[in-house]
>>> print(open('structure33.cif').read())   # mmCIF, C-alpha atoms and all ligand atoms
data_query
#
loop_
_atom_site.label_atom_id
_atom_site.label_comp_id
_atom_site.auth_asym_id
_atom_site.auth_seq_id
_atom_site.Cartn_x
_atom_site.Cartn_y
_atom_site.Cartn_z
CA MET A 1 165.55 180.48 57.60
CA ARG A 2 163.89 183.75 56.63
CA GLU A 3 164.57 185.43 53.32
CA GLY A 4 163.04 188.70 52.29
CA PRO A 5 163.32 192.44 52.03
CA ALA A 6 164.59 194.34 55.03
CA ALA A 7 163.57 197.73 53.70
CA ASP A 8 162.33 198.76 57.12
CA ARG A 9 165.86 199.32 58.34
CA ALA A 10 167.62 200.05 55.05
CA PRO A 11 168.24 203.52 53.60
CA SER A 12 165.82 204.35 50.80
CA GLY A 13 166.69 202.75 47.48
CA LEU A 14 168.88 200.05 49.00
CA GLU A 15 167.42 196.61 48.33
CA LEU A 16 168.68 194.86 51.41
CA ARG A 17 167.61 191.26 51.95
CA GLU A 18 168.18 189.10 55.02
CA ARG A 19 169.23 185.47 55.44
CA VAL A 20 169.86 184.89 51.75
CA PRO A 21 171.20 181.40 50.93
CA LEU A 22 174.64 181.72 49.35
CA ALA A 23 175.00 178.20 47.96
CA PRO A 24 172.85 178.89 44.85
CA LEU A 25 174.88 182.05 44.21
CA THR A 26 178.14 180.10 43.86
CA THR A 27 179.26 177.52 41.30
CA LEU A 28 180.43 175.19 44.09
CA GLY A 29 176.89 175.21 45.45
CA VAL A 30 177.86 175.11 49.12
CA GLY A 31 177.63 177.61 51.96
CA GLY A 32 174.99 178.86 54.40
CA PRO A 33 173.08 182.15 54.33
CA ALA A 34 174.31 185.74 54.24
CA ARG A 35 172.96 187.75 57.15
CA LEU A 36 172.45 190.63 54.73
CA PHE A 37 172.61 190.66 50.94
CA VAL A 38 172.57 193.55 48.48
CA VAL A 39 172.77 193.73 44.72
CA ALA A 40 174.16 197.17 43.77
CA ARG A 41 173.58 198.25 40.18
CA ASP A 42 175.46 201.54 40.34
CA VAL A 43 178.20 203.30 42.28
CA ALA A 44 175.72 205.01 44.60
CA GLY A 45 174.32 201.60 45.50
CA VAL A 46 177.77 200.22 46.26
CA ARG A 47 178.48 203.24 48.48
CA SER A 48 175.20 202.94 50.38
CA ALA A 49 175.70 199.21 50.92
CA LEU A 50 179.16 199.78 52.37
CA GLU A 51 177.82 202.61 54.55
CA GLU A 52 175.04 200.35 55.74
CA ALA A 53 177.49 197.59 56.71
CA ARG A 54 179.54 200.17 58.59
CA ARG A 55 176.46 201.56 60.34
CA ARG A 56 175.51 198.08 61.50
CA GLY A 57 179.07 197.20 62.48
CA VAL A 58 179.24 194.08 60.29
CA PRO A 59 181.87 193.02 57.73
CA ALA A 60 181.10 193.51 54.03
CA GLN A 61 182.08 190.82 51.54
CA LEU A 62 182.04 191.28 47.77
CA LEU A 63 180.57 188.56 45.59
CA GLY A 64 180.79 188.52 41.80
CA LEU A 65 179.29 185.62 39.88
CA GLY A 66 180.37 183.15 42.58
CA SER A 67 182.80 181.07 40.53
CA ASN A 68 185.83 181.52 42.76
CA VAL A 69 184.57 181.49 46.31
CA LEU A 70 183.94 178.94 49.05
CA PHE A 71 181.55 180.19 51.73
CA ASP A 72 181.33 178.50 55.11
CA ASP A 73 178.48 176.11 55.92
CA ALA A 74 177.45 178.61 58.62
CA GLY A 75 177.16 181.29 55.96
CA PHE A 76 178.43 184.84 56.33
CA GLU A 77 177.64 186.94 59.39
CA GLY A 78 177.79 190.24 57.59
CA LEU A 79 176.71 191.93 54.40
CA VAL A 80 177.38 190.26 51.06
CA LEU A 81 177.50 192.82 48.27
CA ARG A 82 177.20 191.97 44.61
CA PRO A 83 178.39 194.88 42.45
CA ALA A 84 176.17 194.17 39.44
CA ILE A 85 177.13 197.29 37.51
CA PRO A 86 176.07 196.76 33.88
CA GLY A 87 177.21 198.27 30.58
CA MET A 88 179.75 197.73 27.86
CA GLU A 89 180.96 200.41 25.46
CA PHE A 90 183.46 200.21 22.58
CA ARG A 91 185.23 203.36 21.42
CA GLU A 92 187.90 203.90 18.76
CA GLU A 93 190.97 205.64 20.16
CA GLY A 94 193.68 206.10 17.55
CA GLU A 95 194.73 202.67 16.31
CA ARG A 96 193.14 200.82 19.20
CA VAL A 97 189.63 200.28 20.48
CA THR A 98 188.90 200.85 24.14
CA VAL A 99 186.21 198.79 25.77
CA ARG A 100 184.72 199.97 29.06
CA ALA A 101 182.73 197.37 30.92
CA GLY A 102 180.88 197.46 34.22
CA ALA A 103 182.04 195.15 36.99
CA GLY A 104 178.83 193.12 36.87
CA VAL A 105 179.13 192.14 33.20
CA GLU A 106 179.91 188.47 32.64
CA TRP A 107 183.54 188.20 31.55
CA ASP A 108 182.85 185.77 28.74
CA SER A 109 180.23 188.04 27.20
CA LEU A 110 182.86 190.78 26.98
CA VAL A 111 185.20 188.32 25.21
CA ALA A 112 182.39 187.28 22.84
CA ALA A 113 181.57 190.91 21.99
CA ALA A 114 185.25 191.72 21.34
CA VAL A 115 185.74 188.67 19.13
CA GLU A 116 182.60 189.46 17.11
CA ARG A 117 184.02 192.94 16.42
CA GLY A 118 187.35 191.48 15.27
CA LEU A 119 189.17 192.90 18.31
CA ALA A 120 192.16 190.85 19.41
CA GLY A 121 193.65 190.63 22.89
CA VAL A 122 191.28 188.53 24.99
CA GLU A 123 190.31 185.63 22.70
CA CYS A 124 192.31 183.03 24.68
CA LEU A 125 190.45 184.11 27.82
CA SER A 126 187.21 182.69 26.40
CA GLY A 127 185.07 180.62 28.73
CA ILE A 128 186.65 181.81 31.98
CA PRO A 129 183.75 181.95 34.42
CA GLY A 130 183.17 185.06 36.51
CA SER A 131 182.49 188.78 36.25
CA VAL A 132 184.46 191.58 34.60
CA GLY A 133 185.06 193.11 38.03
CA ALA A 134 186.69 189.95 39.35
CA ALA A 135 188.94 189.43 36.31
CA PRO A 136 191.77 191.83 37.26
CA VAL A 137 191.88 190.56 40.85
CA GLN A 138 193.65 187.39 39.85
CA ASN A 139 194.92 188.73 36.55
CA VAL A 140 192.94 186.03 34.77
CA GLY A 141 194.95 184.25 32.16
CA ALA A 142 194.91 181.19 29.97
CA TYR A 143 196.87 179.71 27.09
CA GLY A 144 199.59 182.32 27.28
CA GLN A 145 197.36 185.41 27.40
CA GLU A 146 196.37 187.41 30.48
CA ILE A 147 194.17 190.42 31.13
CA SER A 148 197.13 192.58 32.21
CA GLU A 149 198.33 192.64 28.56
CA THR A 150 195.31 194.65 27.44
CA LEU A 151 194.04 196.29 30.62
CA ARG A 152 194.46 200.06 30.59
CA SER A 153 192.87 200.97 33.88
CA VAL A 154 190.28 200.08 36.48
CA GLU A 155 187.78 202.37 38.19
CA VAL A 156 187.59 201.58 41.88
CA LEU A 157 185.84 202.71 45.01
CA ASP A 158 188.12 202.93 48.01
CA ARG A 159 186.24 201.15 50.77
CA ALA A 160 187.82 203.26 53.51
CA THR A 161 187.12 206.70 52.04
CA LEU A 162 184.25 205.76 49.67
CA GLU A 163 186.05 207.84 47.03
CA ARG A 164 186.27 206.89 43.39
CA ARG A 165 189.68 206.49 41.77
CA THR A 166 191.17 205.43 38.47
CA LEU A 167 194.08 203.04 38.75
CA PRO A 168 196.18 202.69 35.59
CA ALA A 169 197.49 199.19 34.81
CA VAL A 170 200.96 199.99 36.15
CA GLU A 171 199.42 200.62 39.57
CA CYS A 172 197.57 197.31 39.67
CA GLY A 173 200.59 195.23 40.73
CA PHE A 174 199.92 192.44 38.24
CA GLY A 175 201.81 189.17 38.53
CA TYR A 176 201.14 185.53 37.62
CA ARG A 177 197.43 185.10 38.50
CA GLY A 178 197.70 187.89 41.03
CA SER A 179 197.47 191.65 41.60
CA ARG A 180 197.43 194.20 44.43
CA PHE A 181 193.68 193.49 44.74
CA LYS A 182 194.51 189.98 45.88
CA GLY A 183 197.71 190.86 47.71
CA GLU A 184 198.55 193.90 49.79
CA ASP A 185 195.25 195.66 48.99
CA ARG A 186 192.93 192.71 49.41
CA ASP A 187 189.50 194.02 50.48
CA ARG A 188 190.54 197.66 50.05
CA PHE A 189 188.76 198.44 46.78
CA VAL A 190 185.54 197.65 44.98
CA ILE A 191 186.25 197.39 41.26
CA LEU A 192 183.50 199.31 39.46
CA GLU A 193 184.62 199.30 35.84
CA VAL A 194 187.41 197.85 33.71
CA ARG A 195 188.94 199.44 30.61
CA LEU A 196 190.76 197.34 28.04
CA SER A 197 192.65 198.40 24.94
CA LEU A 198 192.12 195.95 22.07
CA GLU A 199 193.52 195.62 18.57
CA PRO A 200 191.12 196.09 15.64
CA GLU A 201 191.50 193.55 12.84
CA GLY A 202 194.00 191.82 15.14
CA ARG A 203 195.31 188.28 14.74
CA PRO A 204 194.68 185.76 17.51
CA ALA A 205 197.45 184.78 19.92
CA LEU A 206 198.50 181.16 19.48
CA ARG A 207 201.15 180.69 22.14
CA TYR A 208 200.41 177.20 23.41
CA PRO A 209 201.16 174.17 21.23
CA GLU A 210 197.90 172.38 22.16
CA LEU A 211 195.81 175.39 21.18
CA GLU A 212 197.79 176.05 18.00
CA ARG A 213 197.57 172.42 16.90
CA ARG A 214 193.81 172.21 17.45
CA VAL A 215 193.16 175.54 15.74
CA LYS A 216 195.29 174.63 12.71
CA GLU A 217 193.77 171.16 12.38
CA GLU A 218 190.80 172.98 10.91
CA GLY A 219 192.95 174.77 8.32
CA GLU A 220 195.44 177.63 8.24
CA LEU A 221 194.30 180.80 9.99
CA ASP A 222 196.02 183.17 7.56
CA ALA A 223 193.27 182.71 5.01
CA LEU A 224 190.63 183.98 7.43
CA GLU A 225 189.49 187.55 8.13
CA ALA A 226 190.13 188.80 11.69
CA PRO A 227 186.72 188.10 13.24
CA GLU A 228 186.60 184.65 11.66
CA ALA A 229 190.08 183.73 12.94
CA LEU A 230 189.32 185.07 16.42
CA ARG A 231 185.99 183.27 16.41
CA ARG A 232 187.68 179.98 15.67
CA VAL A 233 190.21 180.44 18.46
CA ARG A 234 187.44 181.35 20.87
CA ARG A 235 185.48 178.23 19.94
CA VAL A 236 188.51 175.94 20.26
CA VAL A 237 189.48 177.43 23.64
CA ARG A 238 185.95 176.81 24.87
CA GLU A 239 186.07 173.24 23.52
CA ILE A 240 189.37 172.55 25.31
CA ARG A 241 187.96 174.00 28.52
CA ALA A 242 184.77 171.96 28.17
CA GLY A 243 186.86 168.79 27.77
CA LYS A 244 188.52 169.57 31.11
CA GLY A 245 185.24 170.40 32.85
CA MET A 246 186.35 174.05 33.02
CA LEU A 247 183.45 175.55 31.07
CA LEU A 248 180.62 176.27 33.46
CA GLU A 249 177.42 176.64 31.47
CA PRO A 250 174.31 177.79 33.33
CA GLY A 251 171.72 175.06 33.84
CA GLU A 252 174.25 172.32 33.11
CA ASP A 253 173.95 169.17 35.20
CA ARG A 254 177.40 168.92 36.82
CA PRO A 255 178.87 168.68 40.29
CA GLY A 256 179.62 171.92 42.10
CA THR A 257 183.02 173.30 41.12
CA ALA A 258 185.07 176.47 41.36
CA GLY A 259 187.31 175.48 38.44
CA SER A 260 190.96 175.28 39.47
CA PHE A 261 191.09 174.85 43.22
CA PHE A 262 194.88 175.22 43.39
CA LEU A 263 197.23 177.62 41.68
CA ASN A 264 200.01 176.22 39.53
CA PRO A 265 203.07 176.75 41.71
CA VAL A 266 206.05 178.77 40.52
CA LEU A 267 209.19 177.25 42.00
CA ASP A 268 212.68 178.61 42.37
CA GLU A 269 215.69 176.62 41.19
CA ALA A 270 216.29 174.91 44.55
CA SER A 271 212.63 173.88 45.03
CA LEU A 272 212.54 172.53 41.49
CA GLU A 273 215.65 170.42 42.11
CA GLU A 274 214.08 169.08 45.29
CA LEU A 275 210.88 168.24 43.41
CA ARG A 276 212.84 166.42 40.71
CA ARG A 277 214.77 164.46 43.32
CA ARG A 278 211.63 163.44 45.17
CA SER A 279 209.76 162.56 41.95
CA ALA A 280 212.60 160.31 40.83
CA ALA A 281 212.73 158.65 44.27
CA ALA A 282 208.96 158.09 44.17
CA GLY A 283 209.23 156.60 40.66
CA VAL A 284 206.61 158.96 39.19
CA GLY A 285 208.76 160.32 36.37
CA PRO A 286 210.00 163.87 35.87
CA PRO A 287 207.43 166.64 36.39
CA PRO A 288 206.48 168.85 33.43
CA VAL A 289 208.21 172.20 33.88
CA TYR A 290 207.72 175.51 32.07
CA PRO A 291 209.72 178.69 32.50
CA ALA A 292 207.88 181.49 34.29
CA ARG A 293 208.69 185.04 35.34
CA GLY A 294 210.98 184.52 38.28
CA GLY A 295 210.98 180.73 38.34
CA TRP A 296 209.53 177.51 36.97
CA LYS A 297 205.85 176.64 36.60
CA VAL A 298 204.81 173.11 37.46
CA PRO A 299 201.23 171.92 36.76
CA ALA A 300 199.47 171.61 40.12
CA ALA A 301 197.27 168.89 38.60
CA TRP A 302 200.36 166.70 38.03
CA LEU A 303 201.30 167.02 41.70
CA VAL A 304 197.74 166.39 42.94
CA GLU A 305 197.32 163.21 40.88
CA ARG A 306 200.68 161.81 41.93
CA ALA A 307 200.04 162.62 45.57
CA GLY A 308 197.22 160.07 45.58
CA PHE A 309 194.24 162.11 44.35
CA PRO A 310 193.43 160.92 40.82
CA LYS A 311 190.68 162.29 38.60
CA GLY A 312 187.33 161.00 39.84
CA PHE A 313 188.60 160.52 43.43
CA ARG A 314 185.65 160.57 45.79
CA ARG A 315 185.37 160.97 49.54
CA GLY A 316 181.74 161.03 50.58
CA ASP A 317 180.01 163.93 48.85
CA VAL A 318 183.18 165.71 47.74
CA GLY A 319 186.01 164.73 45.46
CA ILE A 320 188.17 165.52 42.45
CA SER A 321 186.72 166.24 39.01
CA GLU A 322 186.67 163.32 36.58
CA ARG A 323 188.09 165.62 33.90
CA HIS A 324 190.77 167.65 35.69
CA ALA A 325 192.68 166.90 38.88
CA LEU A 326 192.91 170.61 39.64
CA ALA A 327 189.20 170.94 40.36
CA LEU A 328 187.65 169.87 43.64
CA VAL A 329 183.97 169.06 43.21
CA SER A 330 180.94 168.82 45.44
CA HIS A 331 178.22 166.23 44.86
CA GLY A 332 175.91 167.91 47.34
CA GLY A 333 178.67 168.05 49.94
CA THR A 334 179.64 170.70 52.44
CA ALA A 335 182.18 173.50 52.67
CA ALA A 336 183.78 171.68 55.60
CA GLY A 337 184.20 168.53 53.48
CA LEU A 338 185.80 170.52 50.67
CA ARG A 339 188.14 172.35 53.02
CA GLU A 340 189.20 169.12 54.66
CA LEU A 341 189.87 167.48 51.30
CA ALA A 342 191.80 170.55 50.13
CA GLU A 343 193.97 170.47 53.25
CA ASP A 344 194.63 166.73 52.77
CA VAL A 345 195.66 167.33 49.17
CA ARG A 346 197.97 170.15 50.24
CA SER A 347 199.58 168.13 52.99
CA GLN A 348 200.11 165.06 50.76
CA VAL A 349 201.64 167.23 48.01
CA ARG A 350 203.85 168.94 50.58
CA ASP A 351 204.94 165.66 52.17
CA ARG A 352 205.63 163.88 48.90
CA PHE A 353 207.05 166.68 46.77
CA GLY A 354 208.01 169.49 49.14
CA VAL A 355 205.71 171.93 47.30
CA ALA A 356 203.16 174.12 49.11
CA LEU A 357 200.03 174.49 46.98
CA GLU A 358 198.04 177.65 47.32
CA ILE A 359 194.25 177.56 47.22
CA GLU A 360 192.82 179.68 44.41
CA PRO A 361 189.22 180.46 45.48
CA ALA A 362 188.59 182.86 48.34
CA VAL A 363 187.84 180.65 51.35
CA LEU A 364 185.52 182.48 53.74
CA GLY A 365 184.55 181.81 57.31
CA PRO A 366 181.41 183.23 58.95
CA GLY A 367 183.21 186.53 59.62
CA GLY A 368 185.60 186.84 56.68
CA PRO A 369 188.62 185.12 55.13
CA ALA A 370 189.23 181.69 56.68
CA PRO A 371 192.76 180.61 57.57
CA ALA A 372 193.41 178.37 54.58
CA GLY A 373 196.06 178.29 51.85
CA ARG A 374 199.18 180.36 51.88
CA SER A 375 200.33 183.55 50.30
CA PRO A 376 200.91 183.61 46.52
CA GLY A 377 204.20 182.07 45.47
CA SER A 378 204.78 180.53 48.87
CA ARG A 379 207.02 177.51 48.88
CA GLU A 380 207.81 174.77 51.28
CA GLY A 381 210.76 175.69 53.46
CA GLU A 382 210.50 179.45 52.93
P1 LIG A 401 197.54 173.40 31.66
O1 LIG A 401 197.30 174.02 30.32
O2 LIG A 401 197.57 171.93 31.78
O3 LIG A 401 198.86 174.02 32.29
C1 LIG A 401 199.34 173.62 33.55
C2 LIG A 401 200.56 174.44 33.90
O4 LIG A 401 201.57 174.25 32.91
C3 LIG A 401 200.32 175.93 33.95
O5 LIG A 401 201.18 176.47 34.90
C4 LIG A 401 200.68 176.40 32.56
O6 LIG A 401 201.09 177.74 32.58
C5 LIG A 401 201.84 175.49 32.25
N1 LIG A 401 201.92 175.24 30.82
C6 LIG A 401 201.30 174.28 30.10
N2 LIG A 401 201.64 174.34 28.81
C7 LIG A 401 202.50 175.37 28.70
C8 LIG A 401 203.21 175.93 27.61
N3 LIG A 401 203.12 175.41 26.39
N4 LIG A 401 204.00 177.00 27.86
C9 LIG A 401 204.11 177.52 29.08
N5 LIG A 401 203.46 177.04 30.16
C10 LIG A 401 202.67 175.96 29.98
O7 LIG A 401 196.49 173.99 32.71
P2 LIG A 401 194.94 173.91 32.85
O8 LIG A 401 194.68 173.81 34.28
O9 LIG A 401 194.32 172.93 31.93
O10 LIG A 401 194.51 175.36 32.42
C11 LIG A 401 194.50 175.78 31.05
C12 LIG A 401 194.83 177.24 31.01
O11 LIG A 401 193.86 177.97 31.74
C13 LIG A 401 196.20 177.55 31.65
O12 LIG A 401 196.81 178.56 30.91
C14 LIG A 401 195.80 178.03 33.04
O13 LIG A 401 196.75 178.90 33.60
C15 LIG A 401 194.49 178.71 32.74
N6 LIG A 401 193.65 178.85 33.93
C16 LIG A 401 193.64 180.06 34.53
C17 LIG A 401 192.89 180.26 35.66
C18 LIG A 401 192.87 181.63 36.28
O14 LIG A 401 193.17 182.62 35.65
N7 LIG A 401 192.55 181.70 37.53
C19 LIG A 401 192.16 179.23 36.20
C20 LIG A 401 192.19 178.00 35.56
C21 LIG A 401 192.97 177.81 34.43
P3 LIG A 401 200.02 178.94 32.52
O15 LIG A 401 199.19 178.83 33.75
O16 LIG A 401 200.90 180.15 32.51
O17 LIG A 401 199.22 178.78 31.30
#
>>> encode(input="structure33.cif", output="structure tokens")
Amino acid sequence: MREGPAADRAPSGLELRERVPLAPLTTLGVGGPARLFVVARDVAGVRSALEEARRRGVPAQLLGLGSNVLFDDAGFEGLVLRPAIPGMEFREEGERVTVRAGAGVEWDSLVAAAVERGLAGVECLSGIPGSVGAAPVQNVGAYGQEISETLRSVEVLDRATLERRTLPAVECGFGYRGSRFKGEDRDRFVILEVRLSLEPEGRPALRYPELERRVKEEGELDALEAPEALRRVRRVVREIRAGKGMLLEPGEDRPGTAGSFFLNPVLDEASLEELRRRSAAAGVGPPPVYPARGGWKVPAAWLVERAGFPKGFRRGDVGISERHALALVSHGGTAAGLRELAEDVRSQVRDRFGVALEIEPAVLGPGGPAPAGRSPGSREGE
């Protein structure tokens, strides 16, 4: 395998490298090399990289901080582009504060900076791995808060026209852990910058009983100033995530993981009834159910465990996290092993409970998206 600069054939200023191993650039730690790899630190760099892929007639694949992607063992036969656009700026606008952050900024550092300034609106999204640019794609959310609540707009580059556009939140098509960037406009835009509107001196959102209980165990929040209260919520969220193996610290000795490997399904009334009937017949007790926009959320982890894949399950070099049944892990395994395990989990869950789980990370073949998972919200029998 050869890795190195390919400046001979690249336009000036474009740092194009060849045969770059992708496994170390992802938190799962699997996947072969990218034929071409570019880190773009500004919009011009993103444009040139896309032009270069077009000129060479190869597909271009975006890569953020690698926490939600599964590359093929054969790698990617095209150009992998990391939009590493830096910068974070806070500006008072009336009664709110707008933060503008480049797509390459680490999401959790944006949350940390907001919390330190006493700005409320993203504190429950502490510890979510990934980049700012990737956050709107799946409308990242946790503990009852999601980015769509505070997002004002995103700056994008249209990959077809290479033109820059501003998309206000209402045009982003946000839904439960989804958006137009993951749905109908998948692969159409490069997100360059995200703008959020946060609340100065705001109080933290405590919408989930587990979070509220753990935060209040340390004393009432009302007595605390805004940054102190937000700081506590941020710390507790990170502690809860760490307990579930969902806090990915750099340099930590842990198996490869992409966090949640399956989305929590949202079922309609009929599918929920079917699930309840099958659960009762299987003697596994009633599933936990929470109301959701347009249906009923059921924890995917509950389904995975009861379909025969408990925490700590191991098959060769891949398995299920010891701390959370929603995370597939790699102990030096392969993408093929992970995909096979994921398909087995999906088919057991479907056979036992009639629920079709959707895979959360982007699963990529050597030439682009691999045929795995189903469309968001898909259900057995639809
Ligand atoms: P969890 O808290 O055990 O929740 C599992 C499922 O039950 C989710 O569908 C969750 O809804 C729902 N749920 C649990 N308690 C609820 C309550 N009090 N009210 C309403 N719904 C409730 O899940 P987890 O896997 O450990 O994850 C913790 C949090 O991180 C969750 O909010 C999860 O969504 C979030 N997370 C998000 C991403 C992402 O954005 N891609 C990835 C991993 C985890 P919600 O999903 O609406 O919370």
>>> residues_near_ligand(input="structure33.cif", ligand="ligand LIG 401 (chain A)", cutoff="8 Å", atoms="all atoms listed in the file", output="count of residues only")
38
>>> atom_distance(input="structure33.cif", atom1="atom CA of A:Glu218", atom2="atom CA of A:Arg235")
11.7 Å
>>> atom_distance(input="structure33.cif", atom1="atom CA of A:Leu162", atom2="atom CA of A:Arg82")
16.3 Å
>>> decode(input="structure33.cif", residues="stretch 49-61 of chain A", atoms="N, CA, C and O atoms", output="JSON list (two decimals), in the first residue's frame")
[["chain", "number", "residue", "atom", "x", "y", "z"],
["A", 49, "ALA", "N", -11.63, 20.03, -4.51],
["A", 49, "ALA", "CA", -11.62, 18.58, -4.33],
["A", 49, "ALA", "C", -12.76, 17.94, -5.12],
["A", 49, "ALA", "O", -12.57, 16.91, -5.79],
["A", 50, "LEU", "N", -13.92, 18.57, -5.10],
["A", 50, "LEU", "CA", -15.06, 18.01, -5.84],
["A", 50, "LEU", "C", -14.79, 18.08, -7.35],
["A", 50, "LEU", "O", -15.13, 17.16, -8.10],
["A", 51, "GLU", "N", -14.18, 19.19, -7.77],
["A", 51, "GLU", "CA", -13.84, 19.33, -9.20],
["A", 51, "GLU", "C", -12.84, 18.25, -9.62],
["A", 51, "GLU", "O", -12.92, 17.67, -10.69],
["A", 52, "GLU", "N", -11.89, 18.00, -8.72],
["A", 52, "GLU", "CA", -10.86, 17.01, -9.02],
["A", 52, "GLU", "C", -11.48, 15.61, -9.15],
["A", 52, "GLU", "O", -11.12, 14.84, -10.06],
["A", 53, "ALA", "N", -12.42, 15.29, -8.26],
["A", 53, "ALA", "CA", -13.08, 13.98, -8.34],
["A", 53, "ALA", "C", -13.83, 13.88, -9.67],
["A", 53, "ALA", "O", -13.79, 12.85, -10.36],
["A", 54, "ARG", "N", -14.47, 14.98, -10.05],
["A", 54, "ARG", "CA", -15.23, 14.99, -11.30],
["A", 54, "ARG", "C", -14.29, 14.80, -12.49],
["A", 54, "ARG", "O", -14.55, 14.03, -13.39],
["A", 55, "ARG", "N", -13.17, 15.54, -12.45],
["A", 55, "ARG", "CA", -12.20, 15.46, -13.54],
["A", 55, "ARG", "C", -11.68, 14.04, -13.73],
["A", 55, "ARG", "O", -11.49, 13.55, -14.83],
["A", 56, "ARG", "N", -11.50, 13.35, -12.59],
["A", 56, "ARG", "CA", -10.97, 11.99, -12.66],
["A", 56, "ARG", "C", -12.06, 10.95, -12.85],
["A", 56, "ARG", "O", -11.78, 9.76, -12.96],
["A", 57, "GLY", "N", -13.31, 11.38, -12.80],
["A", 57, "GLY", "CA", -14.42, 10.46, -13.00],
["A", 57, "GLY", "C", -14.59, 9.45, -11.87],
["A", 57, "GLY", "O", -14.97, 8.29, -12.09],
["A", 58, "VAL", "N", -14.30, 9.89, -10.62],
["A", 58, "VAL", "CA", -14.47, 8.98, -9.48],
["A", 58, "VAL", "C", -15.50, 9.58, -8.51],
["A", 58, "VAL", "O", -15.70, 10.79, -8.47],
["A", 59, "PRO", "N", -16.16, 8.71, -7.71],
["A", 59, "PRO", "CA", -17.12, 9.26, -6.74],
["A", 59, "PRO", "C", -16.39, 9.98, -5.61],
["A", 59, "PRO", "O", -15.24, 9.66, -5.30],
["A", 60, "ALA", "N", -17.07, 10.98, -5.03],
["A", 60, "ALA", "CA", -16.51, 11.69, -3.88],
["A", 60, "ALA", "C", -17.36, 11.36, -2.66],
["A", 60, "ALA", "O", -18.60, 11.38, -2.73],
["A", 61, "GLN", "N", -16.70, 11.04, -1.57],
["A", 61, "GLN", "CA", -17.40, 10.69, -0.33],
["A", 61, "GLN", "C", -16.94, 11.61, 0.78],
["A", 61, "GLN", "O", -15.74, 11.76, 1.02]]
